[in-house]
$ cat entry.csv   # CSV, C-alpha atoms and all ligand atoms
chain,number,residue,atom,x,y,z
A,1,MET,CA,102.3,163.8,-229.0
A,2,LEU,CA,98.6,163.8,-228.0
A,3,LYS,CA,97.9,161.4,-230.7
A,4,ASP,CA,100.4,158.9,-229.3
A,5,LYS,CA,99.0,159.3,-225.9
A,6,LEU,CA,95.5,158.6,-227.1
A,7,LEU,CA,96.7,155.5,-229.0
A,8,ASP,CA,98.5,154.2,-226.0
A,9,LEU,CA,95.4,154.8,-223.9
A,10,ARG,CA,93.4,152.8,-226.4
A,11,GLU,CA,95.9,150.0,-226.3
A,12,GLU,CA,95.9,149.9,-222.6
A,13,ALA,CA,92.1,150.0,-222.4
A,14,LEU,CA,91.6,147.3,-224.9
A,15,LYS,CA,94.0,145.1,-223.0
A,16,SER,CA,92.3,145.4,-219.7
A,17,ILE,CA,88.9,144.8,-221.4
A,18,GLN,CA,90.3,141.6,-222.9
A,19,SER,CA,91.5,140.4,-219.5
A,20,ALA,CA,88.4,141.5,-217.6
A,21,ASP,CA,86.7,138.5,-216.0
A,22,SER,CA,83.5,140.0,-214.6
A,23,VAL,CA,80.8,142.5,-215.4
A,24,LYS,CA,81.9,144.5,-212.4
A,25,ASN,CA,85.4,144.6,-213.7
A,26,LEU,CA,84.1,146.0,-217.0
A,27,ARG,CA,82.1,148.6,-215.2
A,28,ASP,CA,85.2,149.8,-213.4
A,29,ILE,CA,87.1,149.9,-216.7
A,30,HIS,CA,84.2,151.9,-218.2
A,31,VAL,CA,84.3,154.4,-215.4
A,32,HIS,CA,88.1,154.6,-215.5
A,33,TYR,CA,88.5,155.3,-219.2
A,34,LEU,CA,85.3,157.0,-220.2
A,35,GLY,CA,84.3,158.8,-217.0
A,36,LYS,CA,84.4,162.5,-216.6
A,37,LYS,CA,87.7,162.3,-214.7
A,38,GLY,CA,89.1,159.7,-217.1
A,39,PRO,CA,92.4,160.1,-219.0
A,40,ILE,CA,90.7,160.7,-222.4
A,41,THR,CA,88.7,163.6,-221.0
A,42,GLU,CA,92.0,164.7,-219.5
A,43,VAL,CA,93.7,164.6,-223.0
A,44,LEU,CA,90.8,166.5,-224.6
A,45,LYS,CA,91.2,169.2,-222.0
A,46,GLY,CA,94.7,169.9,-223.3
A,47,MET,CA,93.4,170.4,-226.8
A,48,GLY,CA,93.5,174.2,-226.3
A,49,LYS,CA,97.2,174.1,-226.7
A,50,LEU,CA,97.0,172.5,-230.1
A,51,ALA,CA,97.4,174.1,-233.5
A,52,LYS,CA,94.0,174.9,-235.0
A,53,GLU,CA,94.2,172.4,-237.8
A,54,GLU,CA,95.2,169.6,-235.5
A,55,ARG,CA,92.2,170.0,-233.2
A,56,PRO,CA,89.5,168.3,-235.4
A,57,VAL,CA,91.9,165.5,-236.1
A,58,ILE,CA,92.6,164.8,-232.5
A,59,GLY,CA,89.0,165.4,-231.5
A,60,GLN,CA,87.8,162.9,-234.1
A,61,LEU,CA,90.4,160.3,-232.9
A,62,ALA,CA,89.4,160.8,-229.3
A,63,ASN,CA,85.8,160.2,-230.2
A,64,GLN,CA,86.7,157.1,-232.2
A,65,ILE,CA,88.7,155.7,-229.4
A,66,ARG,CA,85.9,156.5,-226.9
A,67,GLU,CA,83.4,154.7,-229.2
A,68,SER,CA,85.6,151.7,-229.8
A,69,ILE,CA,86.3,151.3,-226.1
A,70,GLY,CA,82.6,151.5,-225.5
A,71,THR,CA,81.7,148.9,-228.0
A,72,ARG,CA,84.5,146.6,-226.8
A,73,ILE,CA,83.1,146.9,-223.3
A,74,GLU,CA,79.6,146.1,-224.5
A,75,ASP,CA,80.8,143.1,-226.6
A,76,LYS,CA,82.9,141.7,-223.7
A,77,LYS,CA,80.0,142.2,-221.4
A,78,LYS,CA,77.8,140.1,-223.6
A,79,THR,CA,80.4,137.4,-223.8
A,80,LEU,CA,80.8,137.4,-220.1
A,81,GLU,CA,77.1,137.2,-219.5
A,82,LYS,CA,76.7,134.4,-221.9
A,83,LYS,CA,79.5,132.5,-220.2
A,84,MET,CA,78.0,133.1,-216.8
A,85,LEU,CA,74.6,131.9,-218.0
A,86,GLU,CA,76.2,128.8,-219.5
A,87,GLU,CA,78.0,128.1,-216.3
A,88,ARG,CA,74.8,128.5,-214.2
A,89,ILE,CA,72.9,126.2,-216.5
A,90,LYS,CA,75.6,123.7,-216.2
A,91,SER,CA,75.9,123.8,-212.4
A,92,GLU,CA,72.1,123.9,-211.8
A,93,ALA,CA,71.4,121.1,-214.2
A,94,ILE,CA,69.6,118.0,-212.9
A,95,ASP,CA,70.7,114.7,-214.2
A,96,VAL,CA,67.5,112.9,-214.8
A,97,THR,CA,69.3,109.8,-215.7
A,98,LEU,CA,70.6,109.4,-212.1
A,99,PRO,CA,69.0,106.4,-210.4
A,100,GLY,CA,66.6,107.5,-207.6
A,101,ARG,CA,67.3,106.9,-204.0
A,102,LYS,CA,65.7,103.7,-202.8
A,103,ARG,CA,63.1,104.1,-200.2
A,104,ALA,CA,62.6,101.3,-197.6
A,105,MET,CA,59.1,99.9,-198.2
A,106,GLY,CA,57.1,98.3,-195.5
A,107,GLY,CA,55.3,95.0,-195.9
A,108,HIS,CA,52.9,92.8,-194.1
A,109,HIS,CA,54.0,90.9,-191.1
A,110,LEU,CA,54.0,87.2,-191.8
A,111,LEU,CA,51.1,86.6,-189.4
A,112,ALA,CA,49.1,89.3,-191.1
A,113,SER,CA,49.8,87.7,-194.5
A,114,VAL,CA,48.7,84.3,-193.3
A,115,ILE,CA,45.6,85.7,-191.7
A,116,ARG,CA,44.6,87.7,-194.7
A,117,ASP,CA,45.1,84.7,-197.0
A,118,ILE,CA,42.8,82.6,-194.8
A,119,GLU,CA,40.3,85.5,-194.6
A,120,ASP,CA,40.2,85.8,-198.4
A,121,LEU,CA,39.5,82.1,-198.7
A,122,PHE,CA,36.6,82.1,-196.3
A,123,ILE,CA,35.2,85.3,-197.7
A,124,GLY,CA,35.1,83.4,-201.0
A,125,LEU,CA,33.1,80.7,-199.3
A,126,GLY,CA,30.5,83.2,-198.1
A,127,PHE,CA,31.9,83.9,-194.6
A,128,SER,CA,32.1,87.4,-193.1
A,129,VAL,CA,35.1,88.5,-191.0
A,130,VAL,CA,34.2,89.9,-187.5
A,131,GLU,CA,36.3,90.9,-184.6
A,132,GLY,CA,35.6,91.0,-180.9
A,133,PRO,CA,37.0,92.2,-177.6
A,134,GLU,CA,40.2,90.9,-176.2
A,135,VAL,CA,39.1,91.9,-172.7
A,136,GLU,CA,36.1,89.5,-172.3
A,137,GLU,CA,33.4,88.6,-169.9
A,138,ASP,CA,33.7,85.3,-168.2
A,139,TYR,CA,30.2,84.6,-169.5
A,140,TYR,CA,31.2,84.7,-173.2
A,141,ASN,CA,34.6,83.1,-172.7
A,142,PHE,CA,33.3,80.1,-170.7
A,143,GLU,CA,29.7,80.1,-169.5
A,144,ALA,CA,28.0,80.6,-172.9
A,145,LEU,CA,30.3,77.9,-174.3
A,146,ASN,CA,29.0,75.3,-172.0
A,147,LEU,CA,31.7,75.7,-169.4
A,148,PRO,CA,30.0,76.6,-166.2
A,149,LYS,CA,32.0,77.9,-163.2
A,150,ASN,CA,34.0,75.0,-161.7
A,151,HIS,CA,33.9,73.1,-164.9
A,152,PRO,CA,37.1,71.1,-164.9
A,153,ALA,CA,37.8,71.9,-168.6
A,154,ARG,CA,38.3,75.6,-167.6
A,155,ASP,CA,41.8,74.4,-166.4
A,156,MET,CA,42.6,73.5,-170.1
A,157,GLN,CA,43.1,77.3,-170.6
A,158,ASP,CA,44.9,79.0,-167.8
A,159,SER,CA,43.5,82.5,-167.8
A,160,PHE,CA,44.5,86.1,-166.9
A,161,TYR,CA,41.6,87.3,-164.8
A,162,ILE,CA,41.1,91.0,-164.4
A,163,THR,CA,38.2,90.7,-162.0
A,164,ASP,CA,36.1,87.7,-161.1
A,165,GLU,CA,33.9,88.3,-164.1
A,166,ILE,CA,36.4,89.8,-166.6
A,167,LEU,CA,39.4,88.2,-168.2
A,168,MET,CA,41.7,88.3,-171.2
A,169,ARG,CA,40.0,86.0,-173.6
A,170,THR,CA,41.7,82.6,-173.7
A,171,HIS,CA,40.3,81.8,-177.2
A,172,THR,CA,38.3,83.5,-180.0
A,173,SER,CA,35.3,81.1,-179.3
A,174,PRO,CA,33.4,83.8,-177.3
A,175,MET,CA,32.7,85.3,-180.6
A,176,GLN,CA,30.6,82.3,-181.4
A,177,ALA,CA,28.2,83.2,-178.6
A,178,ARG,CA,28.4,87.0,-179.3
A,179,THR,CA,27.7,86.5,-183.0
A,180,MET,CA,24.8,84.1,-182.5
A,181,GLU,CA,23.3,86.5,-179.9
A,182,LYS,CA,23.3,89.2,-182.4
A,183,HIS,CA,21.5,87.1,-185.0
A,184,LYS,CA,18.7,86.6,-182.5
A,185,GLY,CA,18.0,82.9,-183.3
A,186,LYS,CA,17.9,83.3,-187.1
A,187,GLY,CA,20.4,81.7,-189.4
A,188,PRO,CA,22.4,81.5,-191.5
A,189,VAL,CA,25.5,82.6,-189.5
A,190,LYS,CA,28.8,82.3,-191.3
A,191,ILE,CA,31.7,84.1,-189.7
A,192,ILE,CA,35.4,83.8,-189.1
A,193,CYS,CA,37.0,85.8,-186.4
A,194,PRO,CA,40.8,86.5,-186.2
A,195,GLY,CA,42.3,88.0,-183.1
A,196,LYS,CA,44.7,87.9,-180.2
A,197,VAL,CA,44.1,85.5,-177.3
A,198,TYR,CA,45.9,85.2,-173.9
A,199,ARG,CA,46.9,82.3,-171.7
A,200,ARG,CA,48.9,82.1,-168.5
A,201,ASP,CA,51.8,80.2,-170.1
A,202,THR,CA,55.5,80.6,-169.7
A,203,ASP,CA,56.9,81.7,-173.0
A,204,ASP,CA,59.2,79.3,-174.8
A,205,ALA,CA,59.8,78.1,-178.3
A,206,THR,CA,56.3,76.7,-178.6
A,207,HIS,CA,54.3,78.7,-176.0
A,208,SER,CA,53.4,82.3,-175.8
A,209,HIS,CA,51.2,84.1,-173.3
A,210,GLN,CA,49.7,86.0,-176.2
A,211,PHE,CA,49.0,84.5,-179.6
A,212,MET,CA,46.4,84.5,-182.3
A,213,GLN,CA,43.5,82.4,-183.3
A,214,ILE,CA,41.0,82.3,-186.2
A,215,GLU,CA,37.6,81.2,-185.1
A,216,GLY,CA,35.1,79.9,-187.6
A,217,LEU,CA,31.3,79.4,-187.1
A,218,CYS,CA,28.6,78.3,-189.5
A,219,VAL,CA,25.1,77.8,-188.2
A,220,ASP,CA,22.1,77.1,-190.4
A,221,LYS,CA,19.4,74.5,-191.0
A,222,ASN,CA,20.9,71.1,-192.0
A,223,VAL,CA,24.5,71.9,-191.4
A,224,ARG,CA,26.3,68.6,-191.0
A,225,LEU,CA,29.7,67.2,-190.0
A,226,SER,CA,30.3,66.5,-193.7
A,227,ASP,CA,30.0,70.3,-194.4
A,228,LEU,CA,32.7,70.9,-191.8
A,229,LYS,CA,34.8,68.3,-193.4
A,230,GLY,CA,34.3,69.8,-196.9
A,231,VAL,CA,35.2,73.3,-195.7
A,232,LEU,CA,38.2,72.1,-193.8
A,233,THR,CA,39.4,70.1,-196.9
A,234,VAL,CA,39.2,73.3,-199.1
A,235,PHE,CA,41.0,75.2,-196.4
A,236,ALA,CA,43.8,72.6,-196.1
A,237,LYS,CA,44.4,72.4,-199.8
A,238,HIS,CA,44.4,76.2,-200.1
A,239,VAL,CA,47.0,76.7,-197.4
A,240,PHE,CA,49.1,73.6,-197.7
A,241,GLY,CA,48.8,72.5,-201.3
A,242,ALA,CA,46.3,70.8,-203.6
A,243,GLU,CA,47.4,67.3,-202.8
A,244,ARG,CA,46.6,67.6,-199.1
A,245,GLU,CA,44.1,65.2,-197.5
A,246,ILE,CA,42.6,65.7,-194.1
A,247,ARG,CA,41.4,63.3,-191.4
A,248,LEU,CA,39.2,64.0,-188.4
A,249,ARG,CA,40.1,62.5,-185.1
A,250,PRO,CA,37.7,62.3,-182.1
A,251,SER,CA,38.5,64.9,-179.5
A,252,TYR,CA,36.8,66.9,-176.7
A,253,PHE,CA,35.7,70.5,-176.4
A,254,PRO,CA,32.9,71.4,-174.1
A,255,PHE,CA,31.3,73.6,-176.7
A,256,THR,CA,31.2,71.1,-179.6
A,257,GLU,CA,29.6,67.6,-179.8
A,258,PRO,CA,31.0,65.7,-181.5
A,259,SER,CA,34.4,67.3,-181.3
A,260,VAL,CA,37.1,66.5,-183.8
A,261,GLU,CA,40.7,67.5,-184.4
A,262,MET,CA,41.8,67.9,-187.9
A,263,ASP,CA,45.1,66.6,-189.3
A,264,ILE,CA,46.5,67.2,-192.7
A,265,SER,CA,48.6,64.7,-194.7
A,266,CYS,CA,52.2,65.8,-194.3
A,267,PHE,CA,53.1,68.4,-196.9
A,268,LYS,CA,56.8,67.6,-196.5
A,269,CYS,CA,56.8,63.9,-197.1
A,270,GLY,CA,53.4,63.4,-198.6
A,271,GLY,CA,52.5,61.0,-195.8
A,272,HIS,CA,55.4,58.6,-195.8
A,273,GLY,CA,56.7,59.9,-192.5
A,274,CYS,CA,59.4,62.5,-191.8
A,275,SER,CA,60.6,64.9,-189.1
A,276,VAL,CA,57.8,67.4,-189.7
A,277,CYS,CA,55.1,64.9,-189.1
A,278,LYS,CA,57.2,63.0,-186.6
A,279,GLY,CA,57.0,59.8,-188.6
A,280,THR,CA,53.2,59.6,-188.6
A,281,GLY,CA,52.5,61.1,-192.0
A,282,TRP,CA,49.9,63.4,-190.4
A,283,ILE,CA,50.1,66.9,-188.9
A,284,GLU,CA,47.6,68.2,-186.3
A,285,ILE,CA,46.2,71.6,-187.5
A,286,LEU,CA,43.1,72.6,-185.6
A,287,GLY,CA,40.2,71.8,-183.2
A,288,SER,CA,36.6,71.8,-184.4
A,289,GLY,CA,33.2,70.1,-184.1
A,290,MET,CA,29.5,70.5,-184.3
A,291,VAL,CA,28.2,73.3,-182.1
A,292,HIS,CA,26.9,71.9,-178.8
A,293,PRO,CA,23.1,72.1,-178.5
A,294,ASN,CA,23.5,73.9,-175.1
A,295,VAL,CA,25.7,76.5,-176.8
A,296,LEU,CA,23.1,77.1,-179.6
A,297,ARG,CA,20.3,77.3,-177.0
A,298,MET,CA,22.2,79.7,-174.7
A,299,SER,CA,22.8,82.1,-177.5
A,300,GLY,CA,19.2,82.0,-178.7
A,301,PHE,CA,19.2,79.4,-181.4
A,302,ASP,CA,16.8,76.4,-181.4
A,303,PRO,CA,18.9,73.3,-181.6
A,304,SER,CA,16.0,71.3,-182.9
A,305,VAL,CA,15.9,73.6,-186.0
A,306,TYR,CA,19.5,74.7,-186.3
A,307,THR,CA,22.8,73.0,-186.3
A,308,GLY,CA,26.3,74.3,-186.9
A,309,PHE,CA,30.0,73.6,-187.0
A,310,ALA,CA,32.8,75.6,-185.5
A,311,PHE,CA,36.6,75.5,-185.7
A,312,GLY,CA,39.5,77.3,-184.1
A,313,MET,CA,43.0,77.4,-185.6
A,314,GLY,CA,46.3,79.0,-184.7
A,315,PRO,CA,47.9,81.1,-187.5
A,316,GLU,CA,51.3,81.0,-185.7
A,317,ARG,CA,51.2,77.2,-185.9
A,318,ILE,CA,50.1,77.3,-189.5
A,319,ALA,CA,52.9,79.7,-190.4
A,320,MET,CA,55.5,77.7,-188.4
A,321,LEU,CA,54.6,74.5,-190.2
A,322,LYS,CA,54.4,76.1,-193.6
A,323,TYR,CA,57.7,78.0,-193.4
A,324,GLY,CA,59.7,75.8,-191.0
A,325,ILE,CA,59.8,78.3,-188.2
A,326,ASP,CA,61.0,76.7,-185.0
A,327,ASP,CA,60.4,79.4,-182.4
A,328,ILE,CA,57.0,81.1,-181.9
A,329,ARG,CA,58.7,84.1,-180.3
A,330,GLN,CA,60.1,85.0,-183.7
A,331,PHE,CA,56.6,86.4,-184.5
A,332,TYR,CA,56.7,89.0,-181.7
A,333,ASN,CA,60.2,90.3,-181.3
A,334,ASP,CA,60.4,92.5,-184.4
A,335,ASP,CA,63.6,91.1,-185.7
A,336,MET,CA,63.8,92.6,-189.2
A,337,ARG,CA,66.1,89.9,-190.4
A,338,PHE,CA,63.4,87.4,-189.7
A,339,LEU,CA,60.5,89.5,-190.9
A,340,LYS,CA,62.1,90.6,-194.2
A,341,GLN,CA,62.2,87.1,-195.4
A,342,PHE,CA,58.4,87.0,-195.6
A,343,LYS,CA,57.8,90.5,-197.1
A,344,ARG,CA,55.2,90.4,-199.8
A,345,ALA,CA,55.3,92.9,-202.7
A,401,LIG,N1,38.6,77.3,-178.8
A,401,LIG,C1,39.3,76.1,-178.9
A,401,LIG,C2,40.7,76.2,-178.4
A,401,LIG,O1,41.1,77.4,-178.2
A,401,LIG,C3,39.3,75.6,-180.4
A,401,LIG,C4,38.0,75.3,-180.9
A,401,LIG,C5,37.2,76.3,-181.6
A,401,LIG,C6,37.5,74.0,-180.8
A,401,LIG,C7,36.0,75.9,-182.1
A,401,LIG,C8,36.3,73.7,-181.4
A,401,LIG,C9,35.5,74.6,-182.0
A,401,LIG,O2,41.4,75.3,-178.2

$ encode --input "entry.csv" --output "structure tokens"
Amino acid sequence: MLKDKLLDLREEALKSIQSADSVKNLRDIHVHYLGKKGPITEVLKGMGKLAKEERPVIGQLANQIRESIGTRIEDKKKTLEKKMLEERIKSEAIDVTLPGRKRAMGGHHLLASVIRDIEDLFIGLGFSVVEGPEVEEDYYNFEALNLPKNHPARDMQDSFYITDEILMRTHTSPMQARTMEKHKGKGPVKIICPGKVYRRDTDDATHSHQFMQIEGLCVDKNVRLSDLKGVLTVFAKHVFGAEREIRLRPSYFPFTEPSVEMDISCFKCGGHGCSVCKGTGWIEILGSGMVHPNVLRMSGFDPSVYTGFAFGMGPERIAMLKYGIDDIRQFYNDDMRFLKQFKRA
């Protein structure tokens, strides 16, 4: 009788061990069958009623059953732990073959790219890049450039005045005077100066109250108009293609004498005449000339020893021509659809 009971218990215990699905489950099973108040202990307590010769047999069986339940529990625990570990490894695994998330990369603004490209070229020609104040003194913006008060040419550049003597610079040319002053009458001076300028204009497709310029200045002994022409030719070919030719047309600026405007042969039609060059074969690019003796003198250079050339160009105009952009406002209104087209790696 006791023997059957023990065997049944074993059967029952092994079944529940088999179907156990967690370590906690197993711990409960262990407590239940092998604990002090468990059914096996209970059975053994009834041994006193057994015949003498039966006692060791049942005792041995009970111990065997206890042992086998214990080993089974241990085995099952190991299996469960192994399974859990495997599941954890699986769920926490990182798939290194997954493609990464793409990050949006910034790029240079088209104007910045154009300016940097031109800077690089002039650095290669021995020029330094300098920058100057956008809020400028009337003296540097006009006076030192041979434009005394009431000079009619001041009207060429409608200005934002802050006080009678302070204004938003209307061009980067004041940096000619500032740079020469710094050099205290001693050449060579070779600089370009990119920066923002301001004019009292109504904004439209071709006008903006704020835009950019790149000024160039080269002062030394024996600097001639042919040097200006050479430098501008290199510039035109670099920016608009190796086949470009340039021509200089007489013009007028108070701070240069002679003054010239530079045209390039049309990069679209090669000079035959098209919509870009308005049928002329030539495109106007910039203003320039030989630094006026008065300008040299006012900034401390002796015009009988030194000569120089200067030029001023508009990077917006250059970019508009080069990339067929028809509205200058595109540069300033941060439309990503526009800007992304010119993103450089
Ligand atoms: N400062 C002139 C302008 O803004 C351009 C210029 C610069 C002309 C240097 C001659 C020499 O129109």

$ atom_distance --input "entry.csv" --atom1 "CA of Arg224 (chain A)" --atom2 "CA of Lys182 (chain A)"
22.5 Å

$ residues_near_ligand --input "entry.csv" --ligand "ligand LIG 401 (chain A)" --cutoff "8 Å" --atoms "all atoms listed in the file" --output "tab-separated table (two decimals) with C-alpha atoms, keeping the file's coordinate frame"
chain	number	residue	atom	x	y	z
A	157	GLN	CA	43.10	77.30	-170.60
A	170	THR	CA	41.70	82.60	-173.70
A	171	HIS	CA	40.30	81.80	-177.20
A	172	THR	CA	38.30	83.50	-180.00
A	173	SER	CA	35.30	81.10	-179.30
A	213	GLN	CA	43.50	82.40	-183.30
A	215	GLU	CA	37.60	81.20	-185.10
A	216	GLY	CA	35.10	79.90	-187.60
A	217	LEU	CA	31.30	79.40	-187.10
A	253	PHE	CA	35.70	70.50	-176.40
A	255	PHE	CA	31.30	73.60	-176.70
A	256	THR	CA	31.20	71.10	-179.60
A	259	SER	CA	34.40	67.30	-181.30
A	260	VAL	CA	37.10	66.50	-183.80
A	286	LEU	CA	43.10	72.60	-185.60
A	287	GLY	CA	40.20	71.80	-183.20
A	288	SER	CA	36.60	71.80	-184.40
A	289	GLY	CA	33.20	70.10	-184.10
A	290	MET	CA	29.50	70.50	-184.30
A	291	VAL	CA	28.20	73.30	-182.10
A	309	PHE	CA	30.00	73.60	-187.00
A	310	ALA	CA	32.80	75.60	-185.50
A	311	PHE	CA	36.60	75.50	-185.70
A	312	GLY	CA	39.50	77.30	-184.10
A	313	MET	CA	43.00	77.40	-185.60

$ closest_residue --input "entry.csv" --among "A:Ile285, A:Ile318, A:Leu145, A:Val135" --to "Phe160 (chain A)" --atoms "all atoms listed in the file"
A:Val135

$ atom_distance --input "entry.csv" --atom1 "CA of Ser128 (chain A)" --atom2 "CA of Tyr140 (chain A)"
20.1 Å

$ residues_around --input "entry.csv" --residues "Leu125 (chain A)" --least-positions-apart "4" --cutoff "9 Å" --atoms "all atoms listed in the file" --output "list in words"
Asp120, Leu121 and Val231 of chain A

$ residues_around --input "entry.csv" --residues "Gln330 (chain A)" --least-positions-apart "5" --cutoff "10 Å" --atoms "all atoms listed in the file" --output "PyMOL selection string"
chain A and resi 205+316+320+325+335+338-339

$ closest_residue --input "entry.csv" --among "A:Arg72, A:Lys322, A:Lys15, A:Arg199" --to "Lys268 (chain A)" --atoms "only C-alpha atoms"
A:Lys322

$ residues_around --input "entry.csv" --residues "region 19-23 of chain A" --least-positions-apart "4" --cutoff "8 Å" --atoms "all atoms listed in the file" --output "list in words"
Lys15, Arg27, Lys77, Leu80 and Glu81 of chain A

$ atom_distance --input "entry.csv" --atom1 "CA of Glu54 (chain A)" --atom2 "CA of Val31 (chain A)"
27.5 Å

$ residues_around --input "entry.csv" --residues "Tyr33 (chain A)" --least-positions-apart "2" --cutoff "10 Å" --atoms "all atoms listed in the file" --output "PyMOL selection string"
chain A and resi 9-10+12-13+28-31+35-41+66+69-70

$ closest_residue --input "entry.csv" --among "A:Met212, A:Val295, A:Ile89, A:Leu98" --to "Pro174 (chain A)" --atoms "all atoms listed in the file"
A:Val295

$ residues_around --input "entry.csv" --residues "Gly230 (chain A)" --least-positions-apart "6" --cutoff "12 Å" --atoms "only C-alpha atoms" --output "number ranges by chain"
A: 125, 223-224, 236-237, 245-248, 262, 309
